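Below: one structure, written as structure tokens.
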Amino acid sequence: MTYIAKPRLRHPTLETNKVGYTRRDYEGKISTLCAGCGHDSISAAIIQACWELDIEPHRVAKLSGIGCSSKTPDYFLGASHGFNTVHGRMPSVLTGANLANRDLLYLGVSGDGDSASIGLGQFAHAMRRGVRMAYIVENNGVYGLTKGQFSATADQGSKSKKGAINSDSAVDLVGMALQLGATYVGRAFSGNKAQLVPLIKGAITHGGAAFIDVISPCVAFNNHPGSTKSYDYVREHNEAVSRIDFISSRSEITAEYAPGEVVDVRQHDGSLLRLRSLHRSYDPTNRHAAMIYMQEHQARGEVVTGLLYVDPLATDLHTALNTSEQPLNAMDATQLCPGAGVLEKLNASLR
Amino acid sequence: MQRIESINDFVVKFANVNGSGSASANELFAKAILRMGVPVSPRNIFPSNIQGLPTWYEVRVCEQGWLGRRGGIDLMVAMNPQTWDADLAEIEPGGYLFYDSTRPLPPSKFRDDITVIGMPLTEICNAVYSDARQRQLFKNIVYVGALSVLLEIEPEVIEKLFGEQYRGKEKLLASNVQALHLGRDFAREHLRAPLGIRVRRADKVGKRIFVDGNSAAALGCVYGGATVAAWYPITPSSSVAEAFQKYCAKFRVDPATGQNRYAIVQAEDEIASIGMVVGAGWNGARAFTATSGPGVSLMTEFIGLAYFAEIPVTIINVQRGGPSTGMPTRTQQADIISCAYASHGDTKHVLLFPQDPRECFDHAAAALDLADRLQTPVFVMTDLDIGMNQRLCDPFEWEEGRPYDRGKVMSAEELEAGKDFGRYKDVDGDGIPWRTLPGTHPTKGSYFTRGTTRDAYARYSERGPDYVYNVERLLRKFETAATLVPQPVLQPATNRTPLGVIYFGSTTPAMQEALEDLTASGIPIDAMRLRAFPFPDSVARFIEEHEAVFVVEQNRDAQLRSLLVNELDIDPARLIPVLHFDGTPITARFITRAVTEHVRGGARGLVGGRPPVVVPPIEAPGTEVAK
């Protein structure tokens, strides 16, 4: 991405969304990632998704761990609070933040080093707990900030830039998310914005734990022949199960695709995920089938993309904990403190 | 043989097998004496095991009110053959042994300087109960019945306690009362009662309450407004979270909607639990975790982040024996250094040292206020001795209408009014910056939180001056903290003295008794009880004003003393360590003997003429396991 700061001036005819913001209002600081980095494409997709969803930027909390991917929240939604936590531990911090204020939208950004190695446990538990969040892994199969070591998602047999062969088998985060109970699971390619933007929109509006694995080639250390996370490799082996449209509950439109190829999935907030299935037999609401499909195609060396699974009626951790509708961080002593009278009774019971 | 004769001043110890159901019977014994108006202080001494290993319950009965461990046993209720020899050895000369005489023991298994009371408990229970579990469980109630005769504990008091415990469970109530009288009837018919030691109704308990520190800390978190708790089970802290759950279910459910005004998560590990607390604190909820030493070790990376990114976090550390897994079910004060400087780089953290359950309540609530005010981690440094044992203490108090100190949180209105917001700017000169909460304002006040260095406006910066500004401001904030934390409690000696003593936390009851004993033996000492780190100026002044200051603590390496030397730049020779670290709570006898030996050893030793003396433990070892 460019290092030249964009001018603050705004063209008066820039299109605004329903809440009065232009796309520029969803941008952040200038990226310091390498030119051509797939992560910047993901940032652009997040910006596009939030603008199209008419989200007020400050109503989003964006949290990340450590690594190239985790730096990206600084590069979008500049009016939001961001939190670059510690390596692999974004899920727990986001869980706590979410418990404190359920009214915000939570965007968790992580990388393959962050989520598949040191943070594998936290990733797993956030998914099984059903923390309402859009958990996006920017997956390039390599450690960029430390210059080119394999990450845990690097495929067995793939080559590093220096020619080393990876002998370890890969951690499949999508397979794990499906097994652990994530209620929205997708995979995308950073180079395919048309697929990525609606996938992110669906994740943000989803009522439970939403996970998207985005294959995001590292131009500096993992975009060479022998890598299975390069632009060329992913383009050649991409197997999309669906193309997705996201339709908000306020602006539903009629189907423009041939009947029989379209699957509408209404989420609990009323919004609609419109899946144009490339495989008529693929049912995105069947977790078990999704797992089998994924594994079969993976065995053939294919990278399956699209919305792989969704439970449109999913609930979240707050539902499980029966937490108050009013955010916990907005409660004061009158709501939280049982008072001196109760304490007197407690004292009496302890004698 | 001179029998020990004492009313309302003795120590009883029960030696049992873990898992035999003795805990509730032993507690019943202690509570019955308390209900007769006589202060008691019981202590569980238990193994890190569910079933089979030895466990003890020691009850000090003391009308005078001393609540520390005294040392020595006047009556041993020896119910565990595995520990027989060690238990027998602990009895004071002239003391008493109560045992199950169903199986005869050779005379060599007894001592001739004690009174031996045998009662065929197994035989009695086998005759009355057919069920194996009942035979085991009621054996405990039967011996409580017998002891009530031997020590003249009023049976009506015990029956009333049964009534409270088994309210609505009439069958259980009746069977327990039956077992009680089974023991009483046998004792009246076959044993010589009362013993030389016994209980007499008094009025020495007053308004005080009987509660464990973990429950009290949990209640402090409820009153202090904690809404998010994340924890991972670890002895001896687990009951803090469990009690918080219990109290929240009782006091924090919205009556109109039935929804909870709290969220509690049992996390997957300590790292995740502190991570959730950091996230909740960042987002403006009061949050805490409860853990012990190994948990703190796992949490240190996050503690460093919370310190540097300035996020309110409350950690209740119920200390146990370390290092590593150490002695998981024994007590120590050995996490002082690891908590004070937790994490890499230059860090300093606020520590609070409660002396008893009442202060566990006060300090837990205060910690939540301090964490918000200072935007930093605050540790409540309790320990197993306070946390898991019921202790007589002053009743809980709460000023009606007391507001929470939410610290410097800038509102949307203030931002709108154009108030300059720089997340890490020291606008008030106290080192504490202002913060905004996520979602506050559409265009103003947002910032990026990170563990990397930044400038005063939270912008990433690797410039040396920005870093130095930030870390020096954090030091300034720590100086501010010294004025906000609970201040030390000074207890001057009756006579002018060149000697001082510094102590803290669960050492307090033993120390109070030792101070009186020392004064009586002609060694008056000015005492200062520390309640927090950073140390207020009064601590340095106290040390200045004395030629020598004993520092009494329950760890091997004199950790508090190291902290005093390090932070106050004190000549180490002025601070004489008195260290107890075998895992049992320190006793008054230990402190008195250590100080007396040092003083009698020559005045020159007190003025820095010789190196500090580490007094080795002189109590019996705390691990009287099977032989």
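Order determines the names: the first chain of the structure tokens is A, the second B, and so forth; residues in each chain are numbered 1 upward, and ligands are numbered 1 upward as they are shown.
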
I need the residues in stretch 267-497 of chain B that are helix (DSSP H, G or I) according to DSSP; give them as a ChimeraX atom specification. /B:270-282,293-309,336-340,357-374,384-387,412-416,464-484

Sorted by chain and rising residue number, which residues of chain B lie within 7 Å of chain A, and what are their closest atom pairs and distances in Å to one decimal, counting only C-alpha atoms, as a Markdown table?
```
| residue | atom | partner | partner_atom | distance |
| --- | --- | --- | --- | --- |
| B:Ile209 | CA | A:Arg351 | CA | 5.0 |
| B:Phe210 | CA | A:Leu350 | CA | 5.5 |
| B:Val211 | CA | A:Leu350 | CA | 6.5 |
| B:Val222 | CA | A:Cys337 | CA | 6.6 |
| B:Tyr223 | CA | A:Cys337 | CA | 4.9 |
| B:Gly225 | CA | A:Leu336 | CA | 5.6 |
| B:Thr227 | CA | A:Leu328 | CA | 6.4 |
| B:Phe251 | CA | A:Pro338 | CA | 6.1 |
| B:Arg252 | CA | A:Leu336 | CA | 6.5 |
| B:Gln259 | CA | A:Ser324 | CA | 4.9 |
| B:Asn260 | CA | A:Thr323 | CA | 4.7 |
| B:Arg261 | CA | A:Ser324 | CA | 5.6 |
| B:Tyr262 | CA | A:Thr323 | CA | 6.6 |
| B:Ala263 | CA | A:Leu321 | CA | 6.5 |
| B:Ala272 | CA | A:Ser92 | CA | 5.2 |
| B:Gly275 | CA | A:Val93 | CA | 4.7 |
| B:Met276 | CA | A:Gly96 | CA | 3.9 |
| B:Val277 | CA | A:Gly96 | CA | 5.8 |
| B:Val278 | CA | A:Val93 | CA | 6.1 |
| B:Gly279 | CA | A:Val93 | CA | 4.1 |
| B:Ala280 | CA | A:Gly96 | CA | 4.3 |
| B:Trp282 | CA | A:Ala97 | CA | 6.9 |
| B:Asn283 | CA | A:Ala97 | CA | 5.3 |
| B:Gly284 | CA | A:Asn329 | CA | 5.2 |
| B:Ala285 | CA | A:Asn329 | CA | 4.2 |
| B:Pro395 | CA | A:Asn347 | CA | 5.9 |
| B:Phe396 | CA | A:Asn347 | CA | 6.6 |
| B:Trp398 | CA | A:Ala340 | CA | 5.3 |
| B:Glu399 | CA | A:Ala340 | CA | 6.6 |
| B:Glu400 | CA | A:Ala340 | CA | 5.5 |
| B:Pro403 | CA | A:Ala333 | CA | 6.0 |
| B:Tyr404 | CA | A:Ala333 | CA | 6.4 |
| B:Pro438 | CA | A:His81 | CA | 5.3 |
| B:Gly439 | CA | A:Arg59 | CA | 5.1 |
| B:His441 | CA | A:His58 | CA | 6.8 |
| B:Pro442 | CA | A:His58 | CA | 5.3 |
| B:Thr443 | CA | A:Ala79 | CA | 5.9 |
| B:Ser446 | CA | A:His81 | CA | 5.1 |
| B:Tyr447 | CA | A:His81 | CA | 5.4 |
| B:Phe448 | CA | A:Gly82 | CA | 4.6 |
| B:Thr449 | CA | A:Phe83 | CA | 4.5 |
| B:Arg450 | CA | A:Asn84 | CA | 4.7 |
| B:Gly451 | CA | A:Thr85 | CA | 6.7 |
```

Which of stretch 8-209 of chain A end up as strand (DSSP E or B) when DSSP is run on this backbone - answer as a PyMOL selection string? chain A and resi 27+60-64+76+81-84+105-111+133-139+142-143+149-150+159+165+184-189+209

With stretch 218-224 of chain A as the partner and 7 Å as the cut-off, tabulate the residues of stretch 77-167 of chain A that qualify, each row holding the nearest pair of atoms and their distance in Å to one decimal, using only C-alpha atoms, sorted by chain and rising number, as CSV.
```
residue,atom,partner,partner_atom,distance
A:Asn140,CA,A:Cys218,CA,5.7
A:Val142,CA,A:Asn222,CA,6.5
A:Gly144,CA,A:Phe221,CA,6.6
A:Lys147,CA,A:Phe221,CA,6.9
A:Gly148,CA,A:Phe221,CA,5.2
A:Ser160,CA,A:Asn222,CA,6.9
A:Lys161,CA,A:Phe221,CA,5.9
```

Please dump the current selection as a short mmCIF file (atom, residue, chain, number, x, y, z; two decimals), in the first residue's frame; keep N, CA and C atoms.
```cif
data_model
loop_
_atom_site.label_atom_id
_atom_site.label_comp_id
_atom_site.auth_asym_id
_atom_site.auth_seq_id
_atom_site.Cartn_x
_atom_site.Cartn_y
_atom_site.Cartn_z
N ASN A 140 -1.66 -16.49 5.65
CA ASN A 140 -0.68 -16.56 4.57
C ASN A 140 0.32 -17.70 4.75
N VAL A 142 2.71 -18.16 6.71
CA VAL A 142 4.11 -17.81 6.92
C VAL A 142 4.21 -16.72 8.01
N GLY A 144 5.52 -13.40 8.62
CA GLY A 144 6.07 -12.30 7.84
C GLY A 144 6.97 -11.39 8.66
N LYS A 147 10.22 -12.72 9.12
CA LYS A 147 10.87 -12.93 7.83
C LYS A 147 10.93 -14.36 7.33
N GLY A 148 9.77 -15.00 7.29
CA GLY A 148 9.67 -16.16 6.41
C GLY A 148 9.62 -17.54 7.00
N SER A 160 9.44 -23.18 1.61
CA SER A 160 9.65 -21.80 2.05
C SER A 160 10.41 -21.06 0.96
N LYS A 161 10.53 -19.75 1.10
CA LYS A 161 11.22 -18.95 0.09
C LYS A 161 12.68 -19.38 -0.02
#
```

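Among the candidate residues A:Ser190, A:Gly226, A:Tyr309, A:Gly88, the one lying nearest to A:Lys162 is A:Gly226, with distances computed using only C-alpha atoms.
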
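If you count only C-alpha atoms and ignore residues fewer than 3 places along the chain from A:Ser216, what sits within 9 Å of it is A:Cys37, A:Gly38, A:His39, A:Ser41, A:Ile42, A:Glu138, A:Asn139, A:Asn140, A:Gly141, A:Ala188, A:Phe189, A:Ser190, A:Gly191, A:Lys229, A:Ser230, A:Tyr231.
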
Residue subset to file, keeping C-alpha atoms, as a JSON list (two decimals), in the first residue's frame:
```json
[["chain", "number", "residue", "atom", "x", "y", "z"],
["A", 37, "CYS", "CA", -0.01, -7.65, 0.66],
["A", 38, "GLY", "CA", -3.23, -9.64, 0.66],
["A", 39, "HIS", "CA", -4.00, -8.24, 4.10],
["A", 41, "SER", "CA", -7.18, -6.26, 0.33],
["A", 42, "ILE", "CA", -8.93, -7.68, 3.38],
["A", 138, "GLU", "CA", -5.64, -13.43, 7.48],
["A", 139, "ASN", "CA", -3.93, -16.65, 6.54],
["A", 140, "ASN", "CA", -0.68, -16.56, 4.57],
["A", 141, "GLY", "CA", 0.99, -19.67, 5.96],
["A", 188, "ALA", "CA", -12.26, -16.75, 1.07],
["A", 189, "PHE", "CA", -9.35, -15.57, -0.98],
["A", 190, "SER", "CA", -8.13, -12.03, -0.41],
["A", 191, "GLY", "CA", -7.88, -11.56, -4.16],
["A", 229, "LYS", "CA", -0.60, -19.94, -0.26],
["A", 230, "SER", "CA", 0.59, -17.93, -3.27],
["A", 231, "TYR", "CA", -1.70, -15.94, -5.53]]
```

Minimum-distance residue to A:Gly207, chosen among A:Asn166, A:Thr183, A:Thr228, A:Thr153 (using only C-alpha atoms): A:Thr183

Between B:Gly145, B:Phe110, B:Leu499, B:Asn18, which residue has the minimum interatomic distance to B:His598, considering only C-alpha atoms? B:Leu499

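Distances from B:Pro255, B:Pro233, B:Pro585, B:Gly304 to B:Thr347 were compared using only C-alpha atoms, and the smallest one belongs to B:Gly304.
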
Within 9 Å of B:Val595 using only C-alpha atoms, minus same-chain residues under 6 positions, as number ranges by chain: B: 518, 523, 550, 578

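The smallest atom-to-atom distance between A:Cys68 and any of A:Pro217, A:Gly28, A:Gly270, A:Gly181, using only C-alpha atoms, is found for A:Pro217.
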